[in-house]
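Asks: Below is one structure. I have some questions about it.
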2 protein chains.
Amino acid sequence: MTEADFLAALRALPLHPGALGLRDDAARLGRLVLTSDTLVEGVHYLASDPAGDVAWKLVATNLSDLAAKGAVPVGVMLNYPLRPAPSSTATTTPANAGAQSCAADGEGQRPTSNASASGPRPSPGSAEDWDTAFLAGLAEALATFAAPILGGDTVSLPPHAPRVISLTALGDSAHAPTRSGAQAGDALWVTGTIGDAGAGLAIAQGQPGPADLLAAYRRPQPQLAAGQALARQVHAMMDVSDGLLIDAQRMAAASGLAVAIDLARVPLSEAYRNHAGDTRTARLAAATAGDDYQLLFALPPDDTPAAPATRIGVFASGVGLTLHDAGAPLPLPAALGYQHAG
Amino acid sequence: MTEADFLAALRALPLHPGALGLRDDAARLGRLVLTSDTLVEGVHYLASDPAGDVAWKLVATNLSDLAAKGAVPVGVMLNYPLRPAPSSTATTTPANAGAQSCAADGEGQRPTSNASASGPRPSPGSAEDWDTAFLAGLAEALATFAAPILGGDTVSLPPHAPRVISLTALGDSAHAPTRSGAQAGDALWVTGTIGDAGAGLAIAQGQPGPADLLAAYRRPQPQLAAGQALARQVHAMMDVSDGLLIDAQRMAAASGLAVAIDLARVPLSEAYRNHAGDTRTARLAAATAGDDYQLLFALPPDDTPAAPATRIGVFASGVGLTLHDAGAPLPLPAALGYQHAG
């Protein structure tokens with residue numbers, strides 16, 4: 001079953017009114033805003049990503065959904081799987097080649113530390129090291145964003161199973177905007193810069209590049225303060241997680257409108273321009289890469305946003321996304337961003 | 001890292017006051033009660049368990065935690081992993097024997113339906129069938145217990161990865177008891193009957209036995225109405241999930257007390273007695289088996305509970321659990337219930 005099919009089936013079940021038809025990134029219960037994200041090893045993060053960065057990203061992606069609702073974090077629930085240490089009989093013979101490929105994460109290719117004395121102490125790269133580093137990154141992220149732990153569940157995984165880690169974040173917001181409230185004539189704005197994390201992903205995968213772009217991918221910063229400042233004035237707001245173009249298209253579709261974006265206005269960082277250049281190709285790559293965790297919002301045309309942001313487009317009656325480069329029409333790229341499986 | 005070590009590390013992070021030190025089954029945010037449980041394929045359920053029953057159990061175990069807080073369900077968040085259909089090149093040659101064992105669930109031994117025409121339609125036993133049956137069981141459970149969907153996340157798993165499914169349940173309770181409020185002299189009570197689900201687990205694993213015991217294991221009934229009726233009068237309450245004896249010991253420890261249980265008073269169903277007998281061995285098996293999802297509570301000695309229940313013991317100053325059989329002291333069994341890994 002595809003994600004789209006599963007979601008359609010879920011929508012046919014009894015939904016809480018605060019679920020907003022499962023068409024938003026967060027649910028509402030009075031002032032309370034709730035969001036949940038799951039990271040799967042080998043799918044949402046690379047097994048080679050440092051565990052502390054995985055924890056950070058799990059917290060940051062959830063809090064980014066709260067930021068889009070103008071919420072102050074209240075707390076998080078963590079569902080964490082502990083993987084047993086591989087048994088000491090594990091080898092790299094063909095006999096368990098299949099088992100290694102199961103992990104779908106390349107861990108099987110990691111050199112075994114046969115040099116260390118076998119014993120109860122975890123060897124470097126062990127599951128215990130991973131858990132410890134995860135906890136350290138979690139502590140950093142929770143302290144940085146003032147989000148205490150409320151609860152959760154800790155479970156054991158079978159050996160070799162990829163980790164599946166969930167976090168549910170709760171926030172408090174007096175004025176939680178949806179993604180569906182944009183009005184014809186509203187301007188489209190985005191906070192921060194776009195494309196840094198996309199370039200950082202390529203760097204994490206082995207491409208040479210600067211550390212600050214890698215950090216943008218591994219340690220995204222949820223725009224909580226901007227979200228809180230903007231929540232009262234925007235007509236619609238969401239975070240940019242799958243790509244600027246696809247997310248803008250989603251906001252327009254949810255609002256029953258068309259949106260036109262000026263690629264020349266998409267804000268790029270100096271680091272990105274130094275790394276990827278400022279060509280149309282580089283701008284399109286930035287606008288479709290995802291993982292930015294900036295805030296995208298709709299504002300009446302004469303309003304000034306209460307947080308630093310760049311005006312990149314305009315909503316109009318109609319349907320769909322159009323793209324231009326300082327006025328010159330551009331065909332849409334084949335992929336507008338990250339499309340979820342199915 | 002063991003679950004105990006991980007939990008200790010989590011307790012060293014910033015905790016919300018409503019987390020109750022991560023020493024309870026649910027967190028509190030004002031009137032709101034929050035709990036989360038994760039089920040891992042091959043760990044918390046058998047791969048041969050019907051998917052609809054897995055969904056039911058996931059809902060029921062979470063709502064049982066709400067019941068122990070006297071809460072009315074408000075809604076649930078579901079974190080669900082979609083597993084891709086095994087590729088058509090999968091075979092049962094030794095080449096992927098390791099991959100099969102990774103699933104840790106025996107699915108590799110399932111006969112491949114080579115007879116069916118290969119095509120886009122899912123074959124019986126496919127991942128899609130599993131998802132469909134899960135959704136049907138979810139729909140039944142949510143309708144039965146009036147718990148609508150609030151949100152969640154749907155993700156893709158790598159092939160062969162065991163499913164890891166999380167549910168977070170929210171409830172509303174004006175008077176949520178903890179497990180730590182029992183007082184010396186309080187009587188210990190339990191709702192319903194004990195041991196049915198433990199016998200049902202053995203039946204699910206292949207032992208012969210009646211369908212109603214199997215149903216007690218596969219379709220546990222959270223005691224929501226009883227919990228709501230009892231919440232105002234109890235000194236302490238929790239659900240029996242890991243075993244009557246171990247959970248009673250935990251309530252006593254959390255309350256800083258000793259507890260004595262009369263094995264002769266532990267309520268057994270007629271189905272259980274017909275199946276397992278009414279010997280001391282059968283009673284000890286029932287009291288240590290777990291998965292009962294009944295409510296265990298402490299009440300002043302002269303109070304009558306507001307919901308049907310059986311008085312099985314008494315709290316006293318001191319430490320630890322003692323067991324007797326209608327007055328005759330009994331040594332404690334080696335295992336008081338299900339001990340989480342670590």
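Ligands are numbered from 1 in the order shown, chains are lettered A, B, ... in the order of the structure tokens, and residues start at 1 in each chain.
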Just want the 6 Å neighbourhood of region 296-312 of chain A, counted on only C-alpha atoms, with same-chain residues fewer than 3 positions away dropped. Output as a PyMOL selection string.

Replies: chain A and resi 182+186-191+226+229-230+234-239+261-262+265-266

Asks: Extract, using only C-alpha atoms, all DNA, RNA and protein residues at most 9 Å from Thr38 (chain A), discarding same-chain residues fewer than 3 positions from it, and format them as number ranges by chain.

Replies: A: 44, 58, 164-168; B: 79-81, 152-155

Asks: Could those residues be written to a file, using N, CA, C and O atoms, as a compact mmCIF listing (two decimals), in the first residue's frame?

Replies:
# COMPACT_ATOMS: atom_id res chain seq x y z
N HIS A 44 15.08 7.85 6.09
CA HIS A 44 15.06 9.28 6.41
C HIS A 44 16.41 9.81 6.86
O HIS A 44 16.59 11.01 6.98
N LEU A 58 15.41 14.84 14.48
CA LEU A 58 14.09 14.36 14.89
C LEU A 58 13.37 15.43 15.70
O LEU A 58 12.18 15.71 15.48
N VAL A 164 13.62 2.61 13.95
CA VAL A 164 12.44 3.40 13.61
C VAL A 164 12.15 4.24 14.85
O VAL A 164 11.78 3.70 15.88
N ILE A 165 12.39 5.54 14.75
CA ILE A 165 12.33 6.40 15.92
C ILE A 165 11.24 7.45 15.72
O ILE A 165 11.23 8.14 14.71
N SER A 166 10.33 7.54 16.69
CA SER A 166 9.24 8.52 16.58
C SER A 166 9.32 9.55 17.69
O SER A 166 9.72 9.24 18.81
N LEU A 167 8.93 10.76 17.34
CA LEU A 167 8.81 11.80 18.35
C LEU A 167 7.49 12.52 18.11
O LEU A 167 7.13 12.81 16.96
N THR A 168 6.78 12.76 19.19
CA THR A 168 5.54 13.53 19.13
C THR A 168 5.79 14.80 19.93
O THR A 168 6.25 14.73 21.07
N ASN B 79 1.77 6.31 14.32
CA ASN B 79 3.00 6.31 13.52
C ASN B 79 3.13 4.94 12.89
O ASN B 79 3.42 3.95 13.57
N TYR B 80 2.90 4.89 11.58
CA TYR B 80 2.75 3.60 10.90
C TYR B 80 3.78 3.42 9.79
O TYR B 80 3.96 4.31 8.95
N PRO B 81 4.44 2.28 9.76
CA PRO B 81 5.43 2.01 8.72
C PRO B 81 4.86 1.12 7.63
O PRO B 81 4.32 0.05 7.90
N GLY B 152 -0.53 11.87 13.12
CA GLY B 152 0.51 10.86 13.16
C GLY B 152 1.45 11.01 11.98
O GLY B 152 1.62 12.10 11.44
N ASP B 153 2.04 9.90 11.58
CA ASP B 153 3.00 9.93 10.47
C ASP B 153 3.02 8.55 9.82
O ASP B 153 2.93 7.54 10.51
N THR B 154 3.08 8.55 8.51
CA THR B 154 3.19 7.30 7.76
C THR B 154 4.52 7.31 7.03
O THR B 154 4.84 8.28 6.35
N VAL B 155 5.31 6.25 7.21
CA VAL B 155 6.65 6.21 6.61
C VAL B 155 6.85 4.90 5.87
O VAL B 155 6.08 3.95 6.04

Asks: Residues within 7 Å of Gly243 (chain A), please, as a PyMOL selection string. Count only C-alpha atoms; anything in the same chain fewer than 5 positions from it doesn't count.

Replies: chain A and resi 287-291+336-338

Asks: Restricting it to all heavy atoms, dump the selection as a PDB file, in the first residue's frame.

Replies:
ATOM      1  N   ALA A 287      15.533  25.284  -4.835  1.00  0.00           N
ATOM      2  CA  ALA A 287      14.085  25.423  -4.625  1.00  0.00           C
ATOM      3  C   ALA A 287      13.352  24.088  -4.629  1.00  0.00           C
ATOM      4  O   ALA A 287      12.155  24.041  -4.341  1.00  0.00           O
ATOM      5  CB  ALA A 287      13.502  26.339  -5.704  1.00  0.00           C
ATOM      6  N   THR A 288      14.053  23.008  -4.938  1.00  0.00           N
ATOM      7  CA  THR A 288      13.397  21.695  -4.998  1.00  0.00           C
ATOM      8  C   THR A 288      14.047  20.683  -4.055  1.00  0.00           C
ATOM      9  O   THR A 288      13.650  19.523  -4.037  1.00  0.00           O
ATOM     10  CB  THR A 288      13.466  21.121  -6.434  1.00  0.00           C
ATOM     11  OG1 THR A 288      14.836  21.092  -6.859  1.00  0.00           O
ATOM     12  CG2 THR A 288      12.666  21.970  -7.415  1.00  0.00           C
ATOM     13  N   ALA A 289      15.018  21.123  -3.255  1.00  0.00           N
ATOM     14  CA  ALA A 289      15.830  20.140  -2.518  1.00  0.00           C
ATOM     15  C   ALA A 289      15.191  19.679  -1.212  1.00  0.00           C
ATOM     16  O   ALA A 289      15.330  18.531  -0.810  1.00  0.00           O
ATOM     17  CB  ALA A 289      17.206  20.724  -2.238  1.00  0.00           C
ATOM     18  N   GLY A 290      14.520  20.562  -0.498  1.00  0.00           N
ATOM     19  CA  GLY A 290      13.900  20.138   0.754  1.00  0.00           C
ATOM     20  C   GLY A 290      14.819  20.194   1.957  1.00  0.00           C
ATOM     21  O   GLY A 290      15.997  20.571   1.855  1.00  0.00           O
ATOM     22  N   ASP A 291      14.258  19.817   3.120  1.00  0.00           N
ATOM     23  CA  ASP A 291      14.968  19.796   4.400  1.00  0.00           C
ATOM     24  C   ASP A 291      15.360  21.193   4.887  1.00  0.00           C
ATOM     25  O   ASP A 291      16.233  21.333   5.750  1.00  0.00           O
ATOM     26  CB  ASP A 291      16.237  18.919   4.337  1.00  0.00           C
ATOM     27  CG  ASP A 291      15.910  17.441   4.491  1.00  0.00           C
ATOM     28  OD1 ASP A 291      14.859  17.125   5.090  1.00  0.00           O
ATOM     29  OD2 ASP A 291      16.703  16.614   4.034  1.00  0.00           O
ATOM     30  N   LEU A 336       9.257  18.801  -8.201  1.00  0.00           N
ATOM     31  CA  LEU A 336       9.158  20.057  -7.446  1.00  0.00           C
ATOM     32  C   LEU A 336       9.758  19.931  -6.056  1.00  0.00           C
ATOM     33  O   LEU A 336       9.876  20.908  -5.328  1.00  0.00           O
ATOM     34  CB  LEU A 336       7.696  20.468  -7.317  1.00  0.00           C
ATOM     35  CG  LEU A 336       6.947  20.732  -8.625  1.00  0.00           C
ATOM     36  CD1 LEU A 336       5.508  21.125  -8.335  1.00  0.00           C
ATOM     37  CD2 LEU A 336       7.648  21.824  -9.428  1.00  0.00           C
ATOM     38  N   GLY A 337      10.092  18.690  -5.654  1.00  0.00           N
ATOM     39  CA  GLY A 337      10.633  18.463  -4.323  1.00  0.00           C
ATOM     40  C   GLY A 337      10.572  16.996  -4.029  1.00  0.00           C
ATOM     41  O   GLY A 337      10.413  16.169  -4.935  1.00  0.00           O
ATOM     42  N   TYR A 338      10.703  16.686  -2.752  1.00  0.00           N
ATOM     43  CA  TYR A 338      10.685  15.295  -2.336  1.00  0.00           C
ATOM     44  C   TYR A 338       9.247  14.793  -2.343  1.00  0.00           C
ATOM     45  O   TYR A 338       8.371  15.359  -1.698  1.00  0.00           O
ATOM     46  CB  TYR A 338      11.286  15.150  -0.932  1.00  0.00           C
ATOM     47  CG  TYR A 338      11.231  13.734  -0.414  1.00  0.00           C
ATOM     48  CD1 TYR A 338      12.094  12.758  -0.914  1.00  0.00           C
ATOM     49  CD2 TYR A 338      10.312  13.367   0.559  1.00  0.00           C
ATOM     50  CE1 TYR A 338      12.039  11.462  -0.458  1.00  0.00           C
ATOM     51  CE2 TYR A 338      10.249  12.065   1.027  1.00  0.00           C
ATOM     52  CZ  TYR A 338      11.116  11.118   0.509  1.00  0.00           C
ATOM     53  OH  TYR A 338      11.047   9.830   0.974  1.00  0.00           O
TER      54      TYR A 338
END

Asks: Counting only C-alpha atoms, which residue out of A:Pro162, A:Gly137, A:Gly209, A:Gly327 sits closest to chain B?

Replies: A:Pro162

Asks: Might you pull out every residue within 7 Å of region 169-174 of chain B, with only C-alpha atoms counted and same-chain residues fewer than 4 positions away left off, and present them as a ChimeraX atom specification?

Replies: /B:31-36,62-63,66,69-77

Asks: Take the residues that were just selected and, keeping C-alpha atoms, output them as a PDB file, in the first residue's frame.

Replies:
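Output file again-v7.pdb follows:
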ATOM      1  CA  ARG B  31      -6.648  17.616  32.462  1.00  0.00           C
ATOM      2  CA  LEU B  32      -4.979  15.972  29.495  1.00  0.00           C
ATOM      3  CA  VAL B  33      -3.464  12.497  29.944  1.00  0.00           C
ATOM      4  CA  LEU B  34      -0.919  11.271  27.387  1.00  0.00           C
ATOM      5  CA  THR B  35       0.495   7.818  26.831  1.00  0.00           C
ATOM      6  CA  SER B  36       2.418   6.142  24.023  1.00  0.00           C
ATOM      7  CA  ASN B  62      -2.739   2.610  25.075  1.00  0.00           C
ATOM      8  CA  LEU B  63      -6.351   3.098  26.160  1.00  0.00           C
ATOM      9  CA  LEU B  66      -5.801   6.054  29.919  1.00  0.00           C
ATOM     10  CA  LYS B  69      -6.042   7.507  34.860  1.00  0.00           C
ATOM     11  CA  GLY B  70      -9.827   7.556  34.766  1.00  0.00           C
ATOM     12  CA  ALA B  71      -9.616   9.295  31.412  1.00  0.00           C
ATOM     13  CA  VAL B  72     -12.107   9.572  28.582  1.00  0.00           C
ATOM     14  CA  PRO B  73     -10.289   9.033  25.254  1.00  0.00           C
ATOM     15  CA  VAL B  74      -9.827  12.240  23.242  1.00  0.00           C
ATOM     16  CA  GLY B  75      -7.882  10.945  20.247  1.00  0.00           C
ATOM     17  CA  VAL B  76      -4.851   9.048  18.994  1.00  0.00           C
ATOM     18  CA  MET B  77      -1.763   9.758  16.897  1.00  0.00           C
TER      19      MET B  77
END

Asks: What's the separation between CA of Pro329 (chain B) and CA of Leu284 (chain B), in Å to one decimal place?

Replies: 13.5 Å

Asks: Neighbouring residues of Leu214 (chain B) were defined as those with any atom within 10 Å, considering only C-alpha atoms; residues of the same chain fewer than 2 positions away were excluded. Please report them as a ChimeraX atom specification.

Replies: /B:196-205,208-212,216-220

Asks: Would you please work out which residue, of A:Asp278, A:Asp49, A:Glu128, A:Glu270, is nearest to chain B when using only C-alpha atoms?

Replies: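 Result for the nearest residue to chain B: A:Glu128.
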
Asks: Skip region 314-321 of chain B itself and residues of its chain fewer than 3 positions away, then list as a compact mmCIF listing (two decimals) with C-alpha atoms, in the first residue's frame all residues within 7 Å of it, counting only C-alpha atoms.

Replies:
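After the write, around.txt holds the following:
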# COMPACT_ATOMS: atom_id res chain seq x y z
CA GLN B 183 -1.55 4.17 51.92
CA ALA B 184 -0.78 1.64 54.64
CA GLY B 185 -3.97 -0.23 55.43
CA ASP B 186 -5.44 0.25 51.94
CA ALA B 187 -6.91 -2.82 50.32
CA LEU B 188 -5.60 -3.95 46.90
CA GLN B 249 4.93 -4.93 43.56
CA ALA B 253 7.31 0.25 45.63
CA GLY B 256 6.81 3.27 49.57
CA LEU B 257 4.88 0.35 51.03
CA ALA B 258 4.73 -3.43 51.30
CA VAL B 259 1.85 -5.38 49.82
CA ALA B 260 0.53 -8.85 50.67
CA ILE B 261 -1.56 -10.74 48.10

Asks: What does the distance from CA of His175 (chain B) to CA of Ile149 (chain A) come to in Å, to one decimal?

Replies: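 Computing it gives 22.3 Å between the two atoms.
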
Asks: Just how far from CA of Asp24 (chain B) is CA of Leu7 (chain B), in Å to one decimal?

Replies: 12.1 Å

Asks: Using only C-alpha atoms, can you tell me which of B:Leu15, B:Ser156, B:Ala27, B:Leu135 comes closest to Val43 (chain A)?

Replies: B:Ser156

Asks: Check the smallest atom-to-atom distance from each of A:Leu78, A:Ala55, A:Ala264, A:Ala60 to chain B using only C-alpha atoms, then report the winner.

Replies: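 Selected residue with least distance to chain B: A:Leu78.
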
Asks: Smallest atom-to-atom distance to Pro50 (chain A): which of A:Ala136, A:Leu20, A:Ala161, A:Ala254, using only C-alpha atoms?

Replies: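 The shortest atom-to-atom distance to Pro50 (chain A) comes from A:Ala136.
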
Asks: Select, from B:Pro158, B:Gly52, B:Gly227, B:Gly30, the residue with the minimum atom-to-atom distance to chain A, counting only C-alpha atoms.

Replies: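 Among the listed residues, B:Pro158 lies closest to chain A.
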